[in-house]
$ cat upload.pdb   # PDB, C-alpha atoms and all ligand atoms
ATOM      1  CA  MET A   2     246.254 126.306 138.736
ATOM      2  CA  SER A   3     244.180 129.177 137.277
ATOM      3  CA  GLN A   4     241.518 128.479 134.665
ATOM      4  CA  PRO A   5     243.105 127.450 131.333
ATOM      5  CA  ILE A   6     242.548 129.775 128.374
ATOM      6  CA  ALA A   7     241.411 128.747 124.880
ATOM      7  CA  VAL A   8     241.361 131.049 121.834
ATOM      8  CA  ILE A   9     239.044 129.825 119.057
ATOM      9  CA  THR A  10     238.269 131.262 115.617
ATOM     10  CA  GLY A  11     235.130 130.417 113.657
ATOM     11  CA  ALA A  12     233.073 129.328 116.658
ATOM     12  CA  THR A  13     229.819 131.065 115.663
ATOM     13  CA  SER A  14     228.537 127.949 113.910
ATOM     14  CA  GLY A  15     229.349 124.441 112.729
ATOM     15  CA  ILE A  16     232.368 122.484 113.883
ATOM     16  CA  GLY A  17     233.880 125.423 115.797
ATOM     17  CA  GLU A  18     230.799 126.007 117.940
ATOM     18  CA  ILE A  19     230.510 122.355 118.954
ATOM     19  CA  GLY A  20     234.249 122.274 119.675
ATOM     20  CA  ALA A  21     234.054 125.479 121.714
ATOM     21  CA  ARG A  22     231.220 124.065 123.803
ATOM     22  CA  ALA A  23     233.261 120.937 124.602
ATOM     23  CA  VAL A  24     236.302 123.038 125.502
ATOM     24  CA  ALA A  25     234.144 125.178 127.838
ATOM     25  CA  ALA A  26     232.713 122.024 129.410
ATOM     26  CA  ALA A  27     236.309 120.874 130.050
ATOM     27  CA  GLY A  28     236.816 123.989 132.189
ATOM     28  CA  TYR A  29     238.572 126.418 129.834
ATOM     29  CA  GLU A  30     237.789 130.121 129.611
ATOM     30  CA  LEU A  31     236.863 130.755 125.976
ATOM     31  CA  LEU A  32     238.077 133.725 123.951
ATOM     32  CA  LEU A  33     235.942 133.561 120.815
ATOM     33  CA  LEU A  34     237.192 135.589 117.850
ATOM     34  CA  CYS A  35     234.155 136.474 115.725
ATOM     35  CA  ARG A  36     233.589 138.817 112.793
ATOM     36  CA  SER A  37     230.087 139.600 114.068
ATOM     37  CA  PRO A  38     229.755 140.466 117.775
ATOM     38  CA  ASP A  39     226.004 139.771 117.537
ATOM     39  CA  LYS A  40     226.648 136.251 116.269
ATOM     40  CA  GLY A  41     229.273 135.870 118.984
ATOM     41  CA  GLU A  42     226.750 136.852 121.679
ATOM     42  CA  ALA A  43     224.207 134.391 120.276
ATOM     43  CA  THR A  44     226.873 131.670 120.362
ATOM     44  CA  ARG A  45     227.744 132.567 123.957
ATOM     45  CA  GLU A  46     224.068 132.180 124.918
ATOM     46  CA  ARG A  47     223.777 128.793 123.187
ATOM     47  CA  ILE A  48     226.949 127.495 124.855
ATOM     48  CA  GLN A  49     225.899 128.805 128.276
ATOM     49  CA  THR A  50     222.531 127.055 127.918
ATOM     50  CA  GLU A  51     224.487 123.784 127.876
ATOM     51  CA  VAL A  52     227.490 124.740 130.021
ATOM     52  CA  HIS A  53     225.979 127.054 132.631
ATOM     53  CA  ASP A  54     229.163 128.346 134.233
ATOM     54  CA  ALA A  55     231.108 128.779 130.957
ATOM     55  CA  ALA A  56     233.386 131.846 131.004
ATOM     56  CA  ILE A  57     233.259 133.311 127.486
ATOM     57  CA  ARG A  58     234.698 136.524 126.096
ATOM     58  CA  ILE A  59     233.581 137.620 122.627
ATOM     59  CA  ILE A  60     236.216 139.516 120.637
ATOM     60  CA  GLU A  61     235.439 141.162 117.316
ATOM     61  CA  CYS A  62     237.969 139.972 114.768
ATOM     62  CA  PRO A  63     237.215 139.885 111.032
ATOM     63  CA  MET A  64     239.706 137.417 109.588
ATOM     64  CA  ASP A  65     239.704 139.154 106.201
ATOM     65  CA  SER A  66     241.722 142.092 107.513
ATOM     66  CA  LEU A  67     245.316 141.514 108.600
ATOM     67  CA  ALA A  68     245.327 144.821 110.511
ATOM     68  CA  ALA A  69     242.245 143.757 112.497
ATOM     69  CA  VAL A  70     243.760 140.339 113.248
ATOM     70  CA  ARG A  71     247.066 141.918 114.305
ATOM     71  CA  ASP A  72     245.322 144.435 116.614
ATOM     72  CA  CYS A  73     243.184 141.735 118.160
ATOM     73  CA  ALA A  74     246.106 139.313 118.613
ATOM     74  CA  VAL A  75     248.413 141.954 120.104
ATOM     75  CA  GLN A  76     245.712 142.883 122.637
ATOM     76  CA  LEU A  77     245.116 139.232 123.517
ATOM     77  CA  ALA A  78     248.831 138.601 123.986
ATOM     78  CA  ARG A  79     248.956 141.573 126.376
ATOM     79  CA  ASP A  80     245.861 140.501 128.312
ATOM     80  CA  TYR A  81     246.816 136.808 128.467
ATOM     81  CA  PRO A  82     250.528 136.097 129.018
ATOM     82  CA  ARG A  83     249.533 132.436 129.119
ATOM     83  CA  ILE A  84     247.268 130.718 126.558
ATOM     84  CA  ASP A  85     246.774 126.955 126.775
ATOM     85  CA  LEU A  86     244.909 126.198 123.550
ATOM     86  CA  LEU A  87     244.572 127.870 120.161
ATOM     87  CA  ILE A  88     242.063 126.460 117.678
ATOM     88  CA  ASN A  89     242.551 127.890 114.182
ATOM     89  CA  ASN A  90     239.197 126.923 112.726
ATOM     90  CA  ALA A  91     237.533 129.819 110.847
ATOM     91  CA  GLY A  92     237.202 129.024 107.183
ATOM     92  CA  THR A  93     235.465 129.981 103.995
ATOM     93  CA  ALA A  94     234.911 128.565 100.500
ATOM     94  CA  GLU A  95     234.576 131.481  98.086
ATOM     95  CA  MET A  96     232.425 130.769  95.027
ATOM     96  CA  GLN A  97     233.467 134.030  93.350
ATOM     97  CA  TYR A  98     237.013 135.311  93.111
ATOM     98  CA  SER A  99     237.684 138.269  95.375
ATOM     99  CA  ARG A 100     240.528 139.838  97.284
ATOM    100  CA  THR A 101     240.612 141.161 100.828
ATOM    101  CA  VAL A 102     241.484 144.738 101.805
ATOM    102  CA  ASP A 103     245.080 143.510 101.844
ATOM    103  CA  GLY A 104     244.865 142.550  98.160
ATOM    104  CA  ILE A 105     245.055 138.801  98.802
ATOM    105  CA  GLU A 106     242.732 136.128  97.397
ATOM    106  CA  ARG A 107     240.076 135.694 100.066
ATOM    107  CA  SER A 108     240.167 131.968 100.878
ATOM    108  CA  PHE A 109     243.963 131.949 101.258
ATOM    109  CA  ALA A 110     243.786 135.189 103.276
ATOM    110  CA  VAL A 111     241.081 134.023 105.697
ATOM    111  CA  ASN A 112     241.845 130.308 105.927
ATOM    112  CA  HIS A 113     245.623 130.621 106.235
ATOM    113  CA  LEU A 114     247.211 134.071 106.369
ATOM    114  CA  ALA A 115     244.980 135.544 109.090
ATOM    115  CA  HIS A 116     245.693 132.479 111.243
ATOM    116  CA  PHE A 117     249.408 132.859 110.562
ATOM    117  CA  VAL A 118     249.316 136.424 111.939
ATOM    118  CA  LEU A 119     247.151 135.397 114.893
ATOM    119  CA  THR A 120     249.391 132.464 115.802
ATOM    120  CA  TRP A 121     252.548 134.553 115.369
ATOM    121  CA  HIS A 122     251.425 137.051 118.015
ATOM    122  CA  LEU A 123     250.055 134.410 120.394
ATOM    123  CA  LEU A 124     253.119 132.144 120.266
ATOM    124  CA  PRO A 125     254.831 133.698 123.320
ATOM    125  CA  SER A 126     251.690 133.145 125.438
ATOM    126  CA  LEU A 127     251.258 129.613 124.054
ATOM    127  CA  LYS A 128     254.917 128.805 124.708
ATOM    128  CA  ALA A 129     254.602 130.116 128.269
ATOM    129  CA  ALA A 130     251.717 127.705 128.892
ATOM    130  CA  GLY A 131     253.622 124.965 127.041
ATOM    131  CA  ASP A 132     256.671 125.385 129.279
ATOM    132  CA  ALA A 133     254.522 125.235 132.396
ATOM    133  CA  ASP A 134     251.948 122.473 131.758
ATOM    134  CA  GLY A 135     251.749 121.833 128.028
ATOM    135  CA  ALA A 136     249.786 123.724 125.375
ATOM    136  CA  ARG A 137     248.249 122.928 121.979
ATOM    137  CA  ILE A 138     247.523 124.447 118.608
ATOM    138  CA  VAL A 139     244.820 122.673 116.589
ATOM    139  CA  HIS A 140     244.222 123.531 112.923
ATOM    140  CA  THR A 141     241.020 122.643 111.093
ATOM    141  CA  ALA A 142     242.389 121.482 107.752
ATOM    142  CA  SER A 143     240.669 119.203 105.237
ATOM    143  CA  GLU A 144     240.926 116.141 103.043
ATOM    144  CA  ALA A 145     240.815 118.748 100.256
ATOM    145  CA  HIS A 146     244.559 119.241 100.764
ATOM    146  CA  TYR A 147     245.108 115.891  99.003
ATOM    147  CA  VAL A 148     243.981 117.447  95.701
ATOM    148  CA  ALA A 149     245.684 120.832  96.107
ATOM    149  CA  ASN A 150     248.252 122.238  93.718
ATOM    150  CA  LYS A 151     251.719 121.900  95.244
ATOM    151  CA  ASP A 152     252.870 124.946  93.226
ATOM    152  CA  PHE A 153     250.107 127.170  94.597
ATOM    153  CA  LEU A 154     252.583 129.587  96.180
ATOM    154  CA  ASP A 155     253.635 130.706  92.694
ATOM    155  CA  ASP A 156     250.214 132.256  92.069
ATOM    156  CA  ILE A 157     248.425 133.064  95.340
ATOM    157  CA  ASN A 158     246.246 135.675  93.615
ATOM    158  CA  TRP A 159     245.244 133.637  90.554
ATOM    159  CA  GLU A 160     246.852 136.028  88.079
ATOM    160  CA  LYS A 161     248.108 133.230  85.825
ATOM    161  CA  GLY A 162     245.043 130.990  85.612
ATOM    162  CA  ARG A 163     241.247 131.013  85.833
ATOM    163  CA  TYR A 164     239.883 130.966  89.390
ATOM    164  CA  PHE A 165     238.275 127.714  90.503
ATOM    165  CA  VAL A 166     236.651 127.656  93.933
ATOM    166  CA  PHE A 167     237.445 124.062  94.824
ATOM    167  CA  ARG A 168     241.107 124.431  93.867
ATOM    168  CA  ALA A 169     241.442 127.714  95.778
ATOM    169  CA  TYR A 170     239.838 126.122  98.840
ATOM    170  CA  SER A 171     242.047 123.014  98.538
ATOM    171  CA  ASN A 172     245.170 125.154  98.279
ATOM    172  CA  SER A 173     244.197 127.093 101.402
ATOM    173  CA  LYS A 174     243.670 123.795 103.245
ATOM    174  CA  LEU A 175     247.068 122.565 102.055
ATOM    175  CA  ALA A 176     248.416 125.767 103.627
ATOM    176  CA  ASN A 177     246.743 124.728 106.924
ATOM    177  CA  VAL A 178     248.502 121.351 106.815
ATOM    178  CA  LEU A 179     251.878 122.860 105.865
ATOM    179  CA  PHE A 180     251.587 125.489 108.603
ATOM    180  CA  SER A 181     250.692 122.846 111.195
ATOM    181  CA  GLN A 182     253.676 120.729 110.120
ATOM    182  CA  LYS A 183     256.103 123.656 110.106
ATOM    183  CA  LEU A 184     255.024 124.679 113.612
ATOM    184  CA  ALA A 185     255.334 121.068 114.774
ATOM    185  CA  ARG A 186     258.937 120.958 113.505
ATOM    186  CA  GLU A 187     259.797 124.288 115.115
ATOM    187  CA  LEU A 188     258.177 123.337 118.411
ATOM    188  CA  GLU A 189     259.491 119.758 118.639
ATOM    189  CA  GLY A 190     260.723 119.056 122.160
ATOM    190  CA  SER A 191     258.858 121.997 123.680
ATOM    191  CA  GLY A 192     255.648 121.677 125.666
ATOM    192  CA  LEU A 193     253.608 123.175 122.805
ATOM    193  CA  VAL A 194     252.261 120.870 120.087
ATOM    194  CA  SER A 195     250.674 121.540 116.690
ATOM    195  CA  ASN A 196     248.262 119.100 115.046
ATOM    196  CA  CYS A 197     245.588 119.268 112.350
ATOM    197  CA  PHE A 198     242.571 117.316 111.167
ATOM    198  CA  HIS A 199     239.909 116.699 108.549
ATOM    199  CA  PRO A 200     236.468 116.716 110.182
ATOM    200  CA  GLY A 201     234.645 114.676 107.536
ATOM    201  CA  ARG A 202     232.076 116.123 105.127
ATOM    202  CA  VAL A 203     229.929 118.039 107.552
ATOM    203  CA  ALA A 204     226.509 119.722 107.243
ATOM    204  CA  THR A 205     227.511 123.297 108.106
ATOM    205  CA  ASN A 206     227.179 126.810 106.695
ATOM    206  CA  ILE A 207     230.366 126.464 104.652
ATOM    207  CA  TRP A 208     228.429 124.798 101.826
ATOM    208  CA  PRO A 209     227.097 127.440  99.399
ATOM    209  CA  GLU A 210     223.319 127.712  99.388
ATOM    210  CA  ARG A 211     222.655 131.005  97.673
ATOM    211  CA  ARG A 212     220.949 129.940  94.442
ATOM    212  CA  TRP A 213     217.823 127.733  94.323
ATOM    213  CA  TYR A 214     219.653 124.760  92.803
ATOM    214  CA  GLU A 215     222.451 125.041  95.387
ATOM    215  CA  LYS A 216     219.782 125.032  98.117
ATOM    216  CA  LEU A 217     218.244 121.905  96.589
ATOM    217  CA  VAL A 218     221.504 119.968  96.148
ATOM    218  CA  ILE A 219     223.005 121.007  99.486
ATOM    219  CA  GLY A 220     219.685 120.350 101.221
ATOM    220  CA  LEU A 221     219.699 116.778  99.890
ATOM    221  CA  LEU A 222     223.371 116.301 100.752
ATOM    222  CA  LYS A 223     222.774 117.557 104.289
ATOM    223  CA  LYS A 224     219.854 115.188 104.743
ATOM    224  CA  PHE A 225     221.323 112.030 103.240
ATOM    225  CA  TYR A 226     225.113 112.283 102.992
ATOM    226  CA  LEU A 227     226.823 114.879 105.184
ATOM    227  CA  ILE A 228     227.598 114.138 108.821
ATOM    228  CA  SER A 229     226.422 116.329 111.707
ATOM    229  CA  PRO A 230     228.562 119.126 113.225
ATOM    230  CA  GLU A 231     228.646 117.020 116.427
ATOM    231  CA  GLN A 232     230.321 114.176 114.511
ATOM    232  CA  GLY A 233     232.561 116.587 112.580
ATOM    233  CA  ALA A 234     233.826 118.191 115.789
ATOM    234  CA  ARG A 235     234.978 114.872 117.293
ATOM    235  CA  PRO A 236     238.567 115.026 115.949
ATOM    236  CA  LEU A 237     238.855 118.679 116.999
ATOM    237  CA  ILE A 238     237.758 117.797 120.524
ATOM    238  CA  HIS A 239     240.114 114.803 120.559
ATOM    239  CA  LEU A 240     243.157 116.838 119.486
ATOM    240  CA  ALA A 241     242.258 119.682 121.854
ATOM    241  CA  LEU A 242     241.398 117.727 124.982
ATOM    242  CA  ASP A 243     242.530 114.110 124.933
ATOM    243  CA  PRO A 244     245.363 113.778 127.488
ATOM    244  CA  ASP A 245     247.503 111.599 125.159
ATOM    245  CA  MET A 246     247.253 114.105 122.301
ATOM    246  CA  GLY A 247     249.026 116.695 124.441
ATOM    247  CA  ARG A 248     252.178 114.656 123.829
ATOM    248  CA  ARG A 249     251.654 114.123 120.073
ATOM    249  CA  ASN A 250     253.064 116.652 117.632
ATOM    250  CA  GLY A 251     252.644 116.999 113.860
ATOM    251  CA  VAL A 252     249.861 114.475 113.383
ATOM    252  CA  PHE A 253     246.889 114.617 111.002
ATOM    253  CA  TYR A 254     243.560 113.115 111.947
ATOM    254  CA  PHE A 255     241.145 112.111 109.186
ATOM    255  CA  GLU A 256     237.919 112.072 111.164
ATOM    256  CA  MET A 257     238.910 109.884 114.148
ATOM    257  CA  GLN A 258     241.808 108.035 112.481
ATOM    258  CA  GLU A 259     245.398 109.191 112.333
ATOM    259  CA  LYS A 260     246.360 109.311 108.662
ATOM    260  CA  ASP A 261     249.247 110.227 106.390
ATOM    261  CA  ILE A 262     249.147 113.685 104.851
ATOM    262  CA  LYS A 263     249.766 114.149 101.128
ATOM    263  CA  SER A 264     253.364 113.214 100.356
ATOM    264  CA  PHE A 265     254.383 116.681  99.148
ATOM    265  CA  ALA A 266     252.906 118.264 102.299
ATOM    266  CA  LYS A 267     255.644 116.433 104.261
ATOM    267  CA  ASP A 268     258.352 118.269 102.342
ATOM    268  CA  PRO A 269     260.122 120.665 104.764
ATOM    269  CA  ALA A 270     261.102 122.847 101.787
ATOM    270  CA  LEU A 271     257.437 123.404 100.871
ATOM    271  CA  GLN A 272     256.566 124.057 104.530
ATOM    272  CA  ASP A 273     259.399 126.598 104.707
ATOM    273  CA  ALA A 274     258.302 128.168 101.430
ATOM    274  CA  LEU A 275     254.804 128.784 102.818
ATOM    275  CA  TRP A 276     256.308 130.206 106.011
ATOM    276  CA  ASN A 277     258.539 132.590 104.050
ATOM    277  CA  LYS A 278     255.697 133.636 101.724
ATOM    278  CA  SER A 279     253.511 134.308 104.759
ATOM    279  CA  LEU A 280     256.252 136.394 106.382
ATOM    280  CA  GLU A 281     256.519 138.396 103.156
ATOM    281  CA  LEU A 282     252.754 138.920 102.662
ATOM    282  CA  ALA A 283     252.074 139.764 106.318
ATOM    283  CA  ALA A 284     255.304 141.697 106.937
ATOM    284  CA  ASP A 285     253.488 144.886 108.016
ATOM    285  CA  TYR A 286     251.438 143.007 110.626
ATOM    286  CA  LEU A 287     253.986 141.007 112.603
ATOM    287  CA  ASP A 288     255.397 143.711 114.943
TER     288      ASP A 288
HETATM  289  N1  LIG A 301     232.000 121.393 106.627
HETATM  290  C1  LIG A 301     232.872 120.559 106.045
HETATM  291  O1  LIG A 301     232.511 119.585 105.338
HETATM  292  C2  LIG A 301     234.351 120.785 106.246
HETATM  293  C3  LIG A 301     235.246 119.829 105.726
HETATM  294  C4  LIG A 301     236.612 120.035 105.910
HETATM  295  C5  LIG A 301     237.053 121.147 106.589
HETATM  296  N2  LIG A 301     236.163 122.075 107.070
HETATM  297  C6  LIG A 301     236.682 123.242 107.774
HETATM  298  O2  LIG A 301     236.023 123.397 109.004
HETATM  299  C7  LIG A 301     236.191 124.757 109.455
HETATM  300  C8  LIG A 301     234.890 125.240 110.056
HETATM  301  O3  LIG A 301     233.915 125.309 109.034
HETATM  302  P1  LIG A 301     232.446 124.738 109.189
HETATM  303  O4  LIG A 301     232.313 123.612 108.247
HETATM  304  O5  LIG A 301     232.105 124.531 110.628
HETATM  305  O6  LIG A 301     231.600 125.920 108.534
HETATM  306  P2  LIG A 301     230.792 127.152 109.151
HETATM  307  O7  LIG A 301     229.655 126.670 109.983
HETATM  308  O8  LIG A 301     230.489 128.022 107.970
HETATM  309  O9  LIG A 301     231.842 127.870 110.102
HETATM  310  C9  LIG A 301     232.815 128.740 109.598
HETATM  311  C10 LIG A 301     233.222 129.695 110.696
HETATM  312  O10 LIG A 301     234.259 130.550 110.171
HETATM  313  C11 LIG A 301     233.857 131.896 110.371
HETATM  314  N3  LIG A 301     234.388 132.775 109.335
HETATM  315  C12 LIG A 301     234.295 132.630 108.002
HETATM  316  N4  LIG A 301     234.847 133.697 107.376
HETATM  317  C13 LIG A 301     235.289 134.533 108.361
HETATM  318  C14 LIG A 301     235.914 135.808 108.358
HETATM  319  N5  LIG A 301     236.202 136.458 107.233
HETATM  320  N6  LIG A 301     236.223 136.363 109.555
HETATM  321  C15 LIG A 301     235.922 135.736 110.723
HETATM  322  N7  LIG A 301     235.302 134.536 110.777
HETATM  323  C16 LIG A 301     234.988 133.948 109.605
HETATM  324  C17 LIG A 301     232.336 131.871 110.323
HETATM  325  O11 LIG A 301     231.828 133.055 110.900
HETATM  326  P3  LIG A 301     230.369 133.619 110.523
HETATM  327  O12 LIG A 301     229.417 132.887 111.413
HETATM  328  O13 LIG A 301     230.450 135.070 110.838
HETATM  329  O14 LIG A 301     230.123 133.319 109.069
HETATM  330  C18 LIG A 301     232.068 130.610 111.133
HETATM  331  O15 LIG A 301     232.180 130.860 112.509
HETATM  332  C19 LIG A 301     236.670 125.542 108.232
HETATM  333  O16 LIG A 301     238.055 125.819 108.370
HETATM  334  C20 LIG A 301     236.448 124.579 107.082
HETATM  335  O17 LIG A 301     237.363 124.797 106.028
HETATM  336  C21 LIG A 301     234.828 121.902 106.907
END
$ encode --input "upload.pdb" --output "structure tokens"
Amino acid sequence: MSQPIAVITGATSGIGEIGARAVAAAGYELLLLCRSPDKGEATRERIQTEVHDAAIRIIECPMDSLAAVRDCAVQLARDYPRIDLLINNAGTAEMQYSRTVDGIERSFAVNHLAHFVLTWHLLPSLKAAGDADGARIVHTASEAHYVANKDFLDDINWEKGRYFVFRAYSNSKLANVLFSQKLARELEGSGLVSNCFHPGRVATNIWPERRWYEKLVIGLLKKFYLISPEQGARPLIHLALDPDMGRRNGVFYFEMQEKDIKSFAKDPALQDALWNKSLELAADYLD
């Protein structure tokens, strides 16, 4: 069998980088989608220091532009008719309200919609690998989905209420869970599985540290409360590489324990509603 292929977003730091390193060590060729090629090259060097023979391709792909994600995904699908593993991991928590070039609130756009477009274009290659030997999609979600607003699809752009970073982030993470569940339903019985996880509260760059008091609080949290990226990446590595998890579909890991998702996230109607909203918002980028 030729070398298996893994596509990973958000691998330039934190949970994604540790996960990518483990996937390389397991023998996969890595296709790392990064918004900064320089950061991507630095990540490649760090991974290759640990995994000397790692095959790594850096692909520029800003996840806040649906056109860029579409172009990147279409090219990947052409270059790789077979993809064994997709890790949808890139994420952001936006302190200030802003919209992307596509006019969509940034955390929903980056954390969910960009990954929807990416996955859409890679599905044929993932299914090809799934039919042959099994393939996996892993989504980095969050415990934050438990406190999301189940009606968030009614106001993606926060036109009806005041923007609140934690709620926007939670809603985008609910979208990750719903998307994982919808794919799992659609793919049931095929060789391709879709699972998601909460990594724990992890000391990474996602925590805002711009102002002096944020630096102080986050610094203390990182020292005394948050877990390391190595610990946070454990469920990702488990879902991506554990042989038994290749046969599990639609599960949610909370750190290293399988756990129930929020009750309304199990609702197929809500999963379908997100799917349909995503089709509508990304309509120009799915061909
Ligand atoms: N840390 C936690 O406590 C925690 C808890 C639950 C879930 N998560 C989830 O874990 C995932 C990974 O985050 P992390 O904690 O490891 O934080 P991180 O170190 O900040 O990693 C985030 C990754 O996403 C990339 N990214 C962000 N915005 C992007 C954009 N517009 N285009 C392309 N790439 C972009 C970053 O790239 P750059 O290097 O270019 O910034 C980086 O590689 C996220 O989905 C997050 O929601 C984290």
$ residues_around --input "upload.pdb" --residues "segment 125-136 of chain A" --least-positions-apart "3" --cutoff "12 Å" --atoms "all atoms listed in the file" --output "ChimeraX atom specification"
/A:2-8,74-88,119-122,139,184,187-196,240-242,244-250
$ resolve_selection --input "upload.pdb" --expression "the PyMOL selection byres (((not hetatm)) within 7 of (chain A and resi 301))" --output "PyMOL selection string"
chain A and resi 10-17+35-37+40+62-65+90-93+111-112+141-144+174+199-208+230
$ resolve_selection --input "upload.pdb" --expression "the PyMOL selection byres (((chain A and resi 275-284) around 9) and not hetatm)" --output "list in words"
Leu67, Asp103, Ile105, His113, Leu114, Ala115, Phe117, Val118, Leu154, Ala176, Leu179, Phe180, Lys183, Ala270, Leu271, Gln272, Asp273, Ala274, Asp285, Tyr286, Leu287 and Asp288 of chain A
$ resolve_selection --input "upload.pdb" --expression "the PyMOL selection byres (((chain A and resi 95) around 9) and not hetatm)" --output "PDB file with C-alpha atoms, keeping the file's coordinate frame"
ATOM      1  CA  THR A  93     235.465 129.981 103.995  1.00  0.00           C
ATOM      2  CA  ALA A  94     234.911 128.565 100.500  1.00  0.00           C
ATOM      3  CA  MET A  96     232.425 130.769  95.027  1.00  0.00           C
ATOM      4  CA  GLN A  97     233.467 134.030  93.350  1.00  0.00           C
ATOM      5  CA  TYR A  98     237.013 135.311  93.111  1.00  0.00           C
ATOM      6  CA  SER A  99     237.684 138.269  95.375  1.00  0.00           C
ATOM      7  CA  ARG A 107     240.076 135.694 100.066  1.00  0.00           C
ATOM      8  CA  SER A 108     240.167 131.968 100.878  1.00  0.00           C
ATOM      9  CA  VAL A 166     236.651 127.656  93.933  1.00  0.00           C
ATOM     10  CA  PHE A 167     237.445 124.062  94.824  1.00  0.00           C
ATOM     11  CA  ALA A 169     241.442 127.714  95.778  1.00  0.00           C
ATOM     12  CA  TYR A 170     239.838 126.122  98.840  1.00  0.00           C
ATOM     13  CA  PRO A 209     227.097 127.440  99.399  1.00  0.00           C
TER      14      PRO A 209
END
$ closest_residue --input "upload.pdb" --among "A:Trp159, A:Phe165, A:Phe153, A:Phe253" --to "His140 of chain A" --atoms "all atoms listed in the file"
A:Phe253
$ atom_distance --input "upload.pdb" --atom1 "atom CA of Glu51 of chain A" --atom2 "atom CA of Leu34 of chain A"
20.0 Å
$ atom_distance --input "upload.pdb" --atom1 "atom CA of Phe198 of chain A" --atom2 "atom CA of Val252 of chain A"
8.1 Å
$ closest_residue --input "upload.pdb" --among "A:Arg186, A:Arg100, A:Arg235, A:Arg22" --to "Ala55 of chain A" --atoms "all atoms listed in the file"
A:Arg22
$ closest_residue --input "upload.pdb" --among "A:Val70, A:Ala23, A:Ile48, A:Asp156" --to "His239 of chain A" --atoms "all atoms listed in the file"
A:Ala23
$ closest_residue --input "upload.pdb" --among "A:Lys161, A:Ile59, A:Val178, A:Glu231" --to "Tyr147 of chain A" --atoms "all atoms listed in the file"
A:Val178
$ axis_aligned_box --input "upload.pdb" --around "segment 30-47 of chain A" --padding-each-side "5 Å" --output "lines of an AutoDock Vina configuration file"
center_x = 230.9
center_y = 134.6
center_z = 121.2
size_x = 24.3
size_y = 21.7
size_z = 26.8
$ atom_distance --input "upload.pdb" --atom1 "atom CA of Val102 of chain A" --atom2 "atom CA of Asn158 of chain A"
13.1 Å
$ closest_residue --input "upload.pdb" --among "A:Val148, A:Ile138, A:Leu227, A:Ile60" --to "Ala185 of chain A" --atoms "all atoms listed in the file"
A:Ile138
$ closest_residue --input "upload.pdb" --among "A:Leu237, A:Ala266, A:Ala69, A:Ile19" --to "Asn172 of chain A" --atoms "all atoms listed in the file"
A:Ala266
$ decode --input "upload.pdb" --residues "segment 33-56 of chain A" --atoms "C-alpha atoms" --output "mmCIF file, in the first residue's frame"
data_model
loop_
_atom_site.group_PDB
_atom_site.id
_atom_site.type_symbol
_atom_site.label_atom_id
_atom_site.label_comp_id
_atom_site.auth_asym_id
_atom_site.auth_seq_id
_atom_site.Cartn_x
_atom_site.Cartn_y
_atom_site.Cartn_z
ATOM 1 C CA LEU A 33 -0.700 20.982 6.277
ATOM 2 C CA LEU A 34 -3.109 23.788 5.386
ATOM 3 C CA CYS A 35 -1.711 26.998 6.890
ATOM 4 C CA ARG A 36 -2.579 30.673 6.515
ATOM 5 C CA SER A 37 1.099 31.598 6.853
ATOM 6 C CA PRO A 38 3.579 29.613 4.728
ATOM 7 C CA ASP A 39 6.403 30.835 6.994
ATOM 8 C CA LYS A 40 4.678 29.410 10.061
ATOM 9 C CA GLY A 41 4.017 26.240 8.081
ATOM 10 C CA GLU A 42 7.727 25.894 7.237
ATOM 11 C CA ALA A 43 8.667 26.430 10.887
ATOM 12 C CA THR A 44 6.168 23.728 11.872
ATOM 13 C CA ARG A 45 7.609 21.371 9.254
ATOM 14 C CA GLU A 46 11.091 21.897 10.732
ATOM 15 C CA ARG A 47 9.885 21.243 14.291
ATOM 16 C CA ILE A 48 8.062 18.059 13.252
ATOM 17 C CA GLN A 49 11.026 16.818 11.205
ATOM 18 C CA THR A 50 13.326 17.356 14.198
ATOM 19 C CA GLU A 51 11.258 14.697 15.981
ATOM 20 C CA VAL A 52 10.154 12.569 13.017
ATOM 21 C CA HIS A 53 13.174 12.673 10.712
ATOM 22 C CA ASP A 54 11.662 11.057 7.633
ATOM 23 C CA ALA A 55 8.292 12.873 7.847
ATOM 24 C CA ALA A 56 6.887 13.755 4.406
#
